[in-house]
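These notes concern the structure reproduced below.
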Amino acid sequence: MLKKKFGLWKESLRMSVANIWDSKMRSFLTVLGIVIGVTAIIALITIMQSATSAVTEEFTAMGTGRLVVNAGGTALKTGLSAEDLESIRTLPYVQGVSPSVGNTATVKSADAWVEDVTIDGYNEVYFQRNQNLVARGRAISPLDVQSRNHVALLDAAAQKSLFYGKDPLGQTIHINGYAYLIIGTLSDADSSDVMTQAQGSSSDSGRVIIPYTSALTLAGRRNITSLSVYVSDTAYTDQVQTSLKGVLDAAFNYKDDSYKIINMESLLNTMDTMLSMMTMLLVGIASIALLVGGIGIMNMMLVTVSERTAEIGLRKALGAEPGQIQLQFLIESIILSISGGLIGIVLGLGISYIFSVIANLSFAISGMAIVLGVGFSAAVGIGFGWAPARKASALNPIDALRSI
């Protein structure tokens, strides 16, 4: 019995392949819709996953377990005082606090005079959280912050503008008339601070980092309006945020809109949700091409049934059962759709790889995309091939033989 069934399947498969090969051009045009649809789905999912990974890495670089505070304050009190910062530092599960002071100023060296240089003020915590930030020299120390030392680190643009062809370490620059000793240079990792860039703290003239206490003096300010709070354990981020709100409410006398807290983890989750929705939307649009391809398969199979009416009638007259006729046409439909799916997977992955290289994104083969591609193409073959196969199996052999 099993041998008979196996022989039936083998014969149906052989005849299906032969019929498809006999109509090569028609089969190619029919498969083309499936190829385009699967290619689009594979490429979109893979590219979106690569883009999502890149965005996630950028947000992770900003720091999970990090709360960014913008404390504009009120008419009576602008920013946070040293006492407020100390209250935040002593909160449970707070690993460190990094105030940020941004400004632009004219910077002068012995050989150059550069305007509109970005001056950023930070403390030692900022450098501890950005281990690869210092290329040469040393970072800002707690003593530099406490003593308001006039020390500075330069990025590549500032080095080129102020000390072209010279080693800046140990040299002196003047910022708005104040002398600062160059203690270090910044690496390319300096560009990884996405939040700093988003707040506009960048300049074509270069960037100089000094202790935030010195930056406050330079800017003529006493209080901090921007800082990052680092959490020792990300499991307690929400708890720290609640405690932080309590300190800020007390600092600004519970006035509305006196501060904002940005939870980087919440921002990352929001971005993941948005990108997932976008991916599903694009896949839905690409699936329309699969639907069109499925209709093409159904149309071809219906035409094939009409053209092979005599053959079907003859086979039935010789004893072929309706199930055998139906199986043959269904196998033809599935072969067409699966072939289109496999070609689409190869093309989709190839397009994704090329795009990833051009866009400088990491490329990774998505198992979900491949499963979707094969699954969709198989479903199209079965779904749209069923009706023509059913029609072929239901033909009356007498009526079919009259067409000879």
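If you're wondering about the labels, chains in the structure tokens are A, B, ... by order shown, residues count from 1 in each chain, ligands from 1 in order shown.
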Write down as a PyMOL selection string the residues belonging to range 25-174 of chain A that are assigned alpha helix (DSSP H) by DSSP computed on the backbone.
chain A and resi 25-63+82-89+124-129+142-146+156-162
Restricted to C-alpha atoms, what would the selected residues look like written as a CSV table (one decimal), in the first residue's frame?
```
chain,number,residue,atom,x,y,z
A,25,MET,CA,8.4,31.0,-20.5
A,26,ARG,CA,4.9,30.9,-19.0
A,27,SER,CA,6.2,29.2,-15.9
A,28,PHE,CA,8.9,31.9,-15.5
A,29,LEU,CA,6.4,34.8,-15.9
A,30,THR,CA,4.1,33.1,-13.4
A,31,VAL,CA,6.9,32.6,-10.9
A,32,LEU,CA,8.1,36.2,-11.3
A,33,GLY,CA,5.4,37.6,-9.1
A,34,ILE,CA,6.3,35.2,-6.3
A,35,VAL,CA,10.0,36.0,-6.7
A,36,ILE,CA,9.4,39.8,-6.5
A,37,GLY,CA,7.1,39.4,-3.4
A,38,VAL,CA,9.5,37.1,-1.5
A,39,THR,CA,12.5,39.2,-2.4
A,40,ALA,CA,10.8,42.3,-1.1
A,41,ILE,CA,9.8,40.6,2.2
A,42,ILE,CA,13.3,39.1,2.8
A,43,ALA,CA,15.1,42.3,1.9
A,44,LEU,CA,12.8,44.6,4.0
A,45,ILE,CA,12.9,42.4,7.1
A,46,THR,CA,16.7,41.9,6.9
A,47,ILE,CA,17.4,45.5,6.2
A,48,MET,CA,15.0,46.7,8.9
A,49,GLN,CA,16.6,44.3,11.4
A,50,SER,CA,20.1,45.6,10.5
A,51,ALA,CA,18.9,49.2,10.9
A,52,THR,CA,17.2,48.4,14.2
A,53,SER,CA,20.4,46.8,15.5
A,54,ALA,CA,22.3,50.0,14.5
A,55,VAL,CA,19.8,52.3,16.2
A,56,THR,CA,19.8,50.1,19.3
A,57,GLU,CA,23.6,50.2,19.4
A,58,GLU,CA,23.4,54.0,19.2
A,59,PHE,CA,20.9,54.2,22.0
A,60,THR,CA,22.9,51.7,24.1
A,61,ALA,CA,25.9,53.9,23.5
A,62,MET,CA,24.0,56.7,25.1
A,63,GLY,CA,23.6,54.4,28.1
A,82,ALA,CA,25.7,72.0,44.3
A,83,GLU,CA,23.5,70.9,47.2
A,84,ASP,CA,20.8,69.6,44.8
A,85,LEU,CA,23.5,67.6,42.9
A,86,GLU,CA,24.7,66.1,46.2
A,87,SER,CA,21.1,65.1,47.1
A,88,ILE,CA,20.9,63.3,43.8
A,89,ARG,CA,24.3,61.6,44.3
A,124,GLU,CA,35.2,62.5,36.0
A,125,VAL,CA,32.1,60.4,35.8
A,126,TYR,CA,31.6,61.3,32.2
A,127,PHE,CA,35.0,59.9,31.3
A,128,GLN,CA,34.4,56.8,33.4
A,129,ARG,CA,31.3,56.1,31.4
A,142,PRO,CA,37.8,64.9,40.8
A,143,LEU,CA,40.5,67.3,42.0
A,144,ASP,CA,40.2,69.2,38.7
A,145,VAL,CA,36.5,69.6,39.3
A,146,GLN,CA,36.7,70.5,43.0
A,156,ALA,CA,40.8,66.4,16.4
A,157,ALA,CA,39.2,69.5,14.8
A,158,ALA,CA,40.4,71.7,17.6
A,159,GLN,CA,43.9,70.2,17.5
A,160,LYS,CA,44.1,71.0,13.8
A,161,SER,CA,42.8,74.5,14.2
A,162,LEU,CA,44.9,75.5,17.2
```
Closest atom pairs, range 75-148 of chain A residues within 12 Å of range 259-277 of chain A, only C-alpha atoms, as a tab-separated table:
```
residue	atom	partner	partner_atom	distance
A:Lys77	CA	A:Tyr259	CA	11.6
A:Thr78	CA	A:Tyr259	CA	10.2
A:Gly79	CA	A:Tyr259	CA	8.8
A:Leu80	CA	A:Tyr259	CA	10.1
```
Between CA of Met278 in chain A and CA of Gly293 in chain A lies a distance of 23.4 Å
Between A:Arg207, A:Arg390, A:Arg66, A:Arg222, single out the one closest to Asp120 in chain A, counting only C-alpha atoms.
A:Arg207
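CA of Val240 in chain A sits 22.0 Å away from CA of Asn223 in chain A.
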Just want the 12 Å neighbourhood of Val151 in chain A, counted on only C-alpha atoms, with same-chain residues fewer than 3 positions away dropped. Output as number ranges by chain.
A: 121-123, 137-141, 143-145, 147-148, 154, 169-175, 178-185, 208-215
Do you have the CA of Ala364 in chain A-CA of Gly344 in chain A distance handy?
17.0 Å
For the strand (DSSP E or B) assignment from backbone DSSP, which residues of range 8-228 of chain A qualify? Please present them as a ChimeraX atom specification.
/A:66-70,80,94-108,113-122,134-137,151-154,172-175,178-186,207-211,224,226-228
Would you mind telling me which residue in A:Ile370, A:Ala379, A:Val229, A:Ile325 lies nearest to Leu291 in chain A when using only C-alpha atoms?
A:Ala379
